[in-house]
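Containing mmCIF, C-alpha atoms: my_file22.cif.
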```
data_run
loop_
_atom_site.label_atom_id
_atom_site.label_comp_id
_atom_site.auth_asym_id
_atom_site.auth_seq_id
_atom_site.Cartn_x
_atom_site.Cartn_y
_atom_site.Cartn_z
CA MET F 1 19.47 40.33 84.05
CA ARG F 2 16.92 41.05 86.77
CA GLU F 3 17.36 37.53 88.10
CA PHE F 4 21.13 38.00 88.12
CA PHE F 5 20.99 41.18 90.21
CA SER F 6 18.43 39.77 92.64
CA THR F 7 20.58 36.66 93.13
CA TYR F 8 23.70 38.75 93.53
CA TRP F 9 22.01 40.98 96.10
CA LEU F 10 21.04 37.89 98.07
CA TYR F 11 24.64 36.73 97.92
CA ILE F 12 25.93 40.10 99.16
CA LYS F 13 23.59 40.00 102.16
CA THR F 14 24.73 36.48 102.96
CA PHE F 15 28.36 37.50 102.56
CA PHE F 16 28.06 40.37 105.02
CA LYS F 17 26.31 38.13 107.52
CA SER F 18 29.31 35.82 107.42
CA ARG F 19 31.75 38.76 107.65
CA ALA F 20 29.87 39.99 110.71
CA GLU F 21 31.37 37.05 112.55
CA TYR F 22 34.79 38.67 112.11
CA ARG F 23 33.96 42.36 112.51
CA VAL F 24 37.41 43.45 113.65
CA GLY F 25 39.11 41.95 110.61
CA PHE F 26 36.51 43.42 108.28
CA PHE F 27 36.80 46.95 109.63
CA LEU F 28 40.59 46.78 109.78
CA GLY F 29 40.67 45.80 106.12
CA LEU F 30 38.24 48.57 105.22
CA PHE F 31 40.23 51.16 107.17
CA SER F 32 43.50 49.98 105.64
CA ASN F 33 42.20 50.56 102.11
CA PHE F 34 40.59 53.85 103.09
CA TYR F 35 43.81 55.08 104.69
CA GLY F 36 46.01 53.98 101.79
CA TYR F 37 44.04 55.91 99.18
CA PHE F 38 43.50 58.86 101.52
CA ILE F 39 47.29 59.17 101.57
CA THR F 40 47.29 59.14 97.76
CA TYR F 41 44.91 62.10 97.71
CA ALA F 42 47.04 63.83 100.35
CA THR F 43 50.08 63.31 98.11
CA PHE F 44 48.27 65.04 95.26
CA TRP F 45 47.44 67.92 97.57
CA VAL F 46 51.06 68.31 98.69
CA LEU F 47 52.28 68.11 95.10
CA VAL F 48 49.83 70.72 93.82
CA SER F 49 50.43 72.96 96.84
CA SER F 50 54.13 73.00 95.97
CA LEU F 51 53.73 73.49 92.22
CA GLY F 52 50.56 75.57 92.16
CA HIS F 53 49.02 73.33 89.48
CA ILE F 54 49.89 70.45 87.16
CA GLY F 55 49.35 71.36 83.54
CA GLY F 56 46.68 73.85 84.58
CA TRP F 57 44.87 71.34 86.82
CA ASP F 58 44.48 72.21 90.51
CA PHE F 59 43.80 69.81 93.38
CA SER F 60 40.03 69.73 92.83
CA ASP F 61 40.56 69.02 89.12
CA LEU F 62 42.94 66.18 89.93
CA SER F 63 40.53 64.84 92.55
CA ILE F 64 37.87 64.48 89.87
CA LEU F 65 40.36 63.02 87.38
CA TYR F 66 41.74 60.47 89.83
CA GLY F 67 38.36 59.91 91.45
CA LEU F 68 36.73 58.78 88.21
CA SER F 69 39.51 56.24 87.72
CA LEU F 70 39.58 54.95 91.29
CA LEU F 71 35.80 54.78 91.73
CA THR F 72 35.23 52.80 88.54
CA TYR F 73 38.16 50.52 89.36
CA ALA F 74 36.82 49.84 92.86
CA ILE F 75 33.30 49.09 91.62
CA SER F 76 34.67 46.67 89.02
CA GLY F 77 36.99 45.17 91.61
CA THR F 78 34.13 44.29 93.95
CA LEU F 79 32.70 42.15 91.18
CA ILE F 80 35.57 40.36 89.45
CA TRP F 81 39.06 41.29 90.70
CA TYR F 82 39.40 38.39 93.12
CA THR F 83 38.23 35.80 90.62
CA VAL F 84 38.26 36.67 86.92
CA TYR F 85 41.38 38.86 87.06
CA HIS F 86 43.20 36.01 88.85
CA LEU F 87 41.86 33.35 86.50
CA GLY F 88 45.36 31.92 86.03
CA GLY F 89 45.48 30.65 89.60
CA ILE F 90 42.01 29.16 89.27
CA ILE F 91 42.99 27.32 86.08
CA THR F 92 46.26 25.92 87.39
CA GLY F 93 44.57 24.93 90.66
CA GLY F 94 41.83 23.02 88.85
CA GLY F 95 39.10 25.31 90.16
CA LEU F 96 37.71 26.11 86.73
CA ASP F 97 36.66 22.49 86.24
CA MET F 98 34.28 22.89 89.17
CA TYR F 99 32.58 25.87 87.49
CA LEU F 100 32.14 23.91 84.27
CA THR F 101 30.14 21.18 86.01
CA ARG F 102 27.44 23.63 87.08
CA PRO F 103 24.51 24.82 84.93
CA LEU F 104 25.07 28.56 85.60
CA GLY F 105 27.42 30.48 83.30
CA VAL F 106 31.09 30.41 84.33
CA LEU F 107 31.48 34.18 84.51
CA ARG F 108 28.38 34.58 86.67
CA GLN F 109 29.59 31.88 89.01
CA MET F 110 32.92 33.64 89.39
CA ILE F 111 31.18 36.92 90.21
CA PHE F 112 29.13 35.14 92.87
CA GLN F 113 32.21 33.38 94.24
CA ARG F 114 33.80 36.39 95.97
CA PHE F 115 32.51 39.85 96.81
CA GLY F 116 35.41 42.30 96.90
CA ASP F 117 34.64 43.93 100.23
CA THR F 118 38.19 45.32 100.52
CA PHE F 119 37.32 47.79 97.75
CA ILE F 120 34.65 49.45 99.91
CA GLY F 121 37.28 51.65 101.59
CA GLN F 122 38.38 52.92 98.17
CA ILE F 123 34.80 53.70 97.20
CA ILE F 124 34.18 55.66 100.41
CA VAL F 125 37.32 57.80 100.21
CA THR F 126 36.74 58.47 96.51
CA ILE F 127 33.14 59.58 97.03
CA ILE F 128 34.29 61.98 99.75
CA PHE F 129 36.96 63.67 97.62
CA LEU F 130 34.85 63.57 94.46
CA SER F 131 31.96 65.25 96.24
CA MET F 132 34.17 67.98 97.69
CA ALA F 133 35.84 68.59 94.33
CA ILE F 134 32.53 68.83 92.45
CA ILE F 135 31.10 71.24 95.03
CA ASN F 136 34.25 73.35 94.84
CA LYS F 137 34.58 73.43 91.05
CA ILE F 138 31.03 73.09 89.76
CA GLY F 139 28.61 73.60 92.61
CA THR F 140 25.30 72.00 91.71
CA LEU F 141 25.32 69.64 88.75
CA THR F 142 22.72 70.38 86.10
CA PRO F 143 20.46 67.44 85.17
CA ALA F 144 22.33 67.02 81.87
CA LEU F 145 25.75 67.08 83.50
CA PHE F 146 24.60 64.74 86.26
CA ALA F 147 23.29 62.27 83.65
CA TYR F 148 26.59 62.50 81.76
CA PHE F 149 28.52 61.98 84.99
CA LEU F 150 26.60 58.78 85.70
CA LEU F 151 27.11 57.56 82.13
CA CYS F 152 30.84 58.20 82.46
CA ILE F 153 30.97 56.15 85.65
CA ILE F 154 29.12 53.31 83.89
CA GLY F 155 31.46 53.59 80.91
CA GLY F 156 34.51 53.59 83.19
CA VAL F 157 33.25 50.55 85.08
CA LEU F 158 32.75 48.70 81.78
CA ILE F 159 36.28 49.53 80.63
CA GLN F 160 37.83 48.54 83.96
CA ALA F 161 35.80 45.33 84.09
CA GLY F 162 36.68 44.62 80.48
CA ALA F 163 40.38 45.05 81.28
CA MET F 164 40.18 42.64 84.22
CA ILE F 165 38.31 40.06 82.13
CA LEU F 166 40.69 40.43 79.18
CA ILE F 167 43.79 40.05 81.35
CA GLY F 168 42.32 37.06 83.14
CA SER F 169 41.35 35.50 79.80
CA ILE F 170 44.97 35.53 78.64
CA SER F 171 45.52 32.78 81.21
CA PHE F 172 43.65 30.36 78.94
CA TRP F 173 46.69 30.51 76.67
CA THR F 174 49.54 31.40 79.03
CA LYS F 175 48.30 29.97 82.37
CA ARG F 176 49.62 33.18 83.98
CA SER F 177 48.65 36.75 83.22
CA ALA F 178 49.26 38.75 86.42
CA GLU F 179 52.55 40.12 85.10
CA ILE F 180 50.89 41.21 81.87
CA GLY F 181 48.18 42.96 83.85
CA GLU F 182 50.71 44.69 86.06
CA LEU F 183 52.46 46.22 83.06
CA PHE F 184 49.72 46.95 80.55
CA TYR F 185 46.86 47.65 82.97
CA TYR F 186 48.20 49.05 86.23
CA GLU F 187 51.44 50.71 85.18
CA ILE F 188 50.19 52.27 81.94
CA ARG F 189 46.76 53.16 83.33
CA ASP F 190 48.38 54.99 86.26
CA LEU F 191 49.56 57.63 83.80
CA THR F 192 45.95 58.82 83.61
CA GLN F 193 46.15 59.99 87.23
CA TYR F 194 47.60 63.13 85.65
CA PRO F 195 46.37 65.26 82.74
CA LEU F 196 47.33 63.73 79.41
CA SER F 197 48.29 67.17 78.15
CA ILE F 198 51.53 67.05 80.18
CA PHE F 199 52.72 63.94 78.31
CA PRO F 200 54.26 63.66 74.83
CA ARG F 201 51.85 63.22 71.95
CA TRP F 202 52.70 59.55 71.42
CA ILE F 203 51.72 58.69 75.01
CA GLN F 204 48.40 60.47 74.53
CA LEU F 205 47.77 58.39 71.40
CA VAL F 206 48.69 55.13 73.16
CA LEU F 207 46.32 55.87 76.06
CA THR F 208 43.53 56.68 73.60
CA TYR F 209 43.86 54.27 70.67
CA VAL F 210 45.97 51.36 71.94
CA PHE F 211 44.81 51.12 75.55
CA PRO F 212 41.53 53.00 76.11
CA TRP F 213 42.43 54.04 79.65
CA ALA F 214 42.01 57.77 78.89
CA PHE F 215 38.30 57.16 78.27
CA ILE F 216 37.92 56.09 81.92
CA ASN F 217 38.61 59.52 83.34
CA TYR F 218 40.56 62.03 81.24
CA TYR F 219 38.16 62.75 78.39
CA PRO F 220 35.08 62.68 80.65
CA ALA F 221 36.86 65.04 83.09
CA LEU F 222 37.50 67.50 80.26
CA ILE F 223 33.76 67.83 79.70
CA ILE F 224 32.82 67.81 83.39
CA LEU F 225 35.37 70.53 84.16
CA ASN F 226 34.72 72.45 80.94
CA LYS F 227 38.33 72.01 79.84
CA THR F 228 37.72 70.80 76.29
CA GLN F 229 39.71 72.89 73.85
CA THR F 230 38.67 71.22 70.60
CA VAL F 231 35.64 69.48 69.15
CA TYR F 232 37.83 66.38 69.02
CA ASP F 233 38.22 66.37 72.82
CA PHE F 234 34.48 66.85 73.27
CA ILE F 235 33.61 63.96 70.95
CA LEU F 236 36.06 61.64 72.68
CA GLY F 237 34.50 62.58 76.01
CA LEU F 238 31.04 61.74 74.74
CA LEU F 239 32.29 58.39 73.44
CA SER F 240 33.36 57.15 76.86
CA PRO F 241 30.24 55.02 77.55
CA VAL F 242 30.31 53.68 73.98
CA ILE F 243 33.97 52.69 74.30
CA GLY F 244 33.08 50.95 77.55
CA ILE F 245 30.43 48.82 75.84
CA LEU F 246 32.73 47.98 72.91
CA PHE F 247 35.72 47.14 75.08
CA LEU F 248 33.69 44.92 77.41
CA SER F 249 32.19 43.15 74.38
CA VAL F 250 35.67 42.40 73.01
CA SER F 251 36.80 41.15 76.42
CA LEU F 252 33.81 38.83 76.74
CA PHE F 253 34.47 37.51 73.23
CA VAL F 254 38.08 36.69 74.16
CA PHE F 255 36.93 35.10 77.43
CA ASN F 256 34.43 32.86 75.65
CA ARG F 257 36.99 31.89 73.00
CA GLY F 258 39.44 30.95 75.71
CA LEU F 259 36.79 29.02 77.59
CA ARG F 260 36.02 26.97 74.48
CA LYS F 261 39.74 26.26 74.10
CA TYR F 262 40.06 25.07 77.71
CA SER F 263 39.96 21.27 78.02
CA GLY F 264 40.57 20.71 81.73
CA ALA F 265 43.25 21.09 84.39
CA GLY F 266 44.87 17.81 83.45
CA ASN F 267 45.42 18.51 79.75
#
```

Let me see the file written as structure tokens.
Amino acid sequence: MREFFSTYWLYIKTFFKSRAEYRVGFFLGLFSNFYGYFITYATFWVLVSSLGHIGGWDFSDLSILYGLSLLTYAISGTLIWYTVYHLGGIITGGGLDMYLTRPLGVLRQMIFQRFGDTFIGQIIVTIIFLSMAIINKIGTLTPALFAYFLLCIIGGVLIQAGAMILIGSISFWTKRSAEIGELFYYEIRDLTQYPLSIFPRWIQLVLTYVFPWAFINYYPALIILNKTQTVYDFILGLLSPVIGILFLSVSLFVFNRGLRKYSGAGN
């Protein structure tokens, strides 16, 4: 693992050296992503300013809720969105055969293949709004709450990465999986931008037990914001990092099964 991170860090430095040759394009891409998600936060602010609150959640609450989802998505995206999530295009284009001829693991090679620099703008804007929201709602985080906050980010990153890997892995059987990801990952996960309490019970159950997207941000936010109303909510919030590990493990299992099934671009 240490070797992996040291190699990846070397790759990142090399990547930014190459991007420095096209500084205007790099900064335009960064600003574009920053601006796009800044507008999303501004939309939340306008919506809450008009309604007063959404299900008892004010703008700072929603900033933490949405921030946990966006930050973990952006971190995962820098690693695998451009490659593993779009595995279908790599398979149909014959690119996966190239990975199989090399001694390094396929998944590691795909992570090294492309650093998702376009996600940096999302990370920056999220950190800004998250920081302001935490200062406004909580003030100074206690050591225990800070540790839990970090664990929740790790758990969220594992769930988001697991989702990207799982969706990409479907391409081993279908050759295309982007449409599946759009529906079951993006569209359904976007419901967690808002408090689950405003949705019907069956949607809450789906986002908890069918698709674990609520563990990315909703249940952790309940603990961080001291909004848990039952022991059940508190336990689910504590389980977020555990769910992340389990979900990523399942995704890696599916990926490896699909990889063993794969027999080449010309089959």

inquiry  = Residues near Val84 (chain F), anyone? I mean within 10 Å using all atoms listed in the file, not counting same-chain ones fewer than 5 positions away, as a VMD selection string.
reply    = chain F and resid 77 79 89 to 90 106 to 107 110 to 111 161 164 to 169 255

request  = For CA of Arg189 (chain F) and CA of Asp233 (chain F), quote the distance in Å rounded to one decimal.
outcome  = 18.9 Å

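With distances taken over all atoms listed in the file, F:Phe247 is the one residue among F:Tyr194, F:Phe247, F:Phe199, F:Phe253 lying closest to Leu158 (chain F).
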
Sel. within 12 Å of pt (30.7, 60.7, 71.6), counting only C-alpha atoms, output as a ChimeraX atom specification = /F:148,151-152,155,215,219-220,223,231-244

query = If you measure from CA of Trp45 (chain F) to CA of Phe59 (chain F), what distance in Å do you get, rounded to one decimal?
reply = 5.9 Å

May I have the centre and edge lengths, in Å to one decimal, of an axis-aligned box around the listed atoms of region 226-239 of chain F with 4 Å added to every side, as AutoDock Vina command-line options?
```
--center_x 35.4 --center_y 65.6 --center_z 75.0 --size_x 16.7 --size_y 22.5 --size_z 19.9
```

Where does the PyMOL selection byres ((chain F and resi 112) around 12) land in this file, that is, which residues does it pick, as a PDB file with C-alpha atoms, in the coordinates of the input?
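Result file is expr22.pdb:
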```pdb
ATOM      1  CA  PHE F   4      21.130  38.000  88.120  1.00  0.00           C
ATOM      2  CA  PHE F   5      20.990  41.180  90.210  1.00  0.00           C
ATOM      3  CA  SER F   6      18.430  39.770  92.640  1.00  0.00           C
ATOM      4  CA  THR F   7      20.580  36.660  93.130  1.00  0.00           C
ATOM      5  CA  TYR F   8      23.700  38.750  93.530  1.00  0.00           C
ATOM      6  CA  TRP F   9      22.010  40.980  96.100  1.00  0.00           C
ATOM      7  CA  LEU F  10      21.040  37.890  98.070  1.00  0.00           C
ATOM      8  CA  TYR F  11      24.640  36.730  97.920  1.00  0.00           C
ATOM      9  CA  ILE F  12      25.930  40.100  99.160  1.00  0.00           C
ATOM     10  CA  LYS F  13      23.590  40.000 102.160  1.00  0.00           C
ATOM     11  CA  THR F  14      24.730  36.480 102.960  1.00  0.00           C
ATOM     12  CA  PHE F  15      28.360  37.500 102.560  1.00  0.00           C
ATOM     13  CA  THR F  78      34.130  44.290  93.950  1.00  0.00           C
ATOM     14  CA  LEU F  79      32.700  42.150  91.180  1.00  0.00           C
ATOM     15  CA  ILE F  80      35.570  40.360  89.450  1.00  0.00           C
ATOM     16  CA  TRP F  81      39.060  41.290  90.700  1.00  0.00           C
ATOM     17  CA  TYR F  82      39.400  38.390  93.120  1.00  0.00           C
ATOM     18  CA  THR F  83      38.230  35.800  90.620  1.00  0.00           C
ATOM     19  CA  VAL F  84      38.260  36.670  86.920  1.00  0.00           C
ATOM     20  CA  TYR F  99      32.580  25.870  87.490  1.00  0.00           C
ATOM     21  CA  LEU F 104      25.070  28.560  85.600  1.00  0.00           C
ATOM     22  CA  GLY F 105      27.420  30.480  83.300  1.00  0.00           C
ATOM     23  CA  VAL F 106      31.090  30.410  84.330  1.00  0.00           C
ATOM     24  CA  LEU F 107      31.480  34.180  84.510  1.00  0.00           C
ATOM     25  CA  ARG F 108      28.380  34.580  86.670  1.00  0.00           C
ATOM     26  CA  GLN F 109      29.590  31.880  89.010  1.00  0.00           C
ATOM     27  CA  MET F 110      32.920  33.640  89.390  1.00  0.00           C
ATOM     28  CA  ILE F 111      31.180  36.920  90.210  1.00  0.00           C
ATOM     29  CA  GLN F 113      32.210  33.380  94.240  1.00  0.00           C
ATOM     30  CA  ARG F 114      33.800  36.390  95.970  1.00  0.00           C
ATOM     31  CA  PHE F 115      32.510  39.850  96.810  1.00  0.00           C
ATOM     32  CA  GLY F 116      35.410  42.300  96.900  1.00  0.00           C
TER      33      GLY F 116
END
```

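Closest approach to Ile127 (chain F) among F:Tyr218, F:Tyr209, F:Phe31, F:Phe38 is made by F:Phe38 (distances from only C-alpha atoms).
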
inquiry  = Quick check, in Å to one decimal: how far apart do CA of Tyr186 (chain F) and CA of Ala214 (chain F) lie?
reply    = 13.0 Å
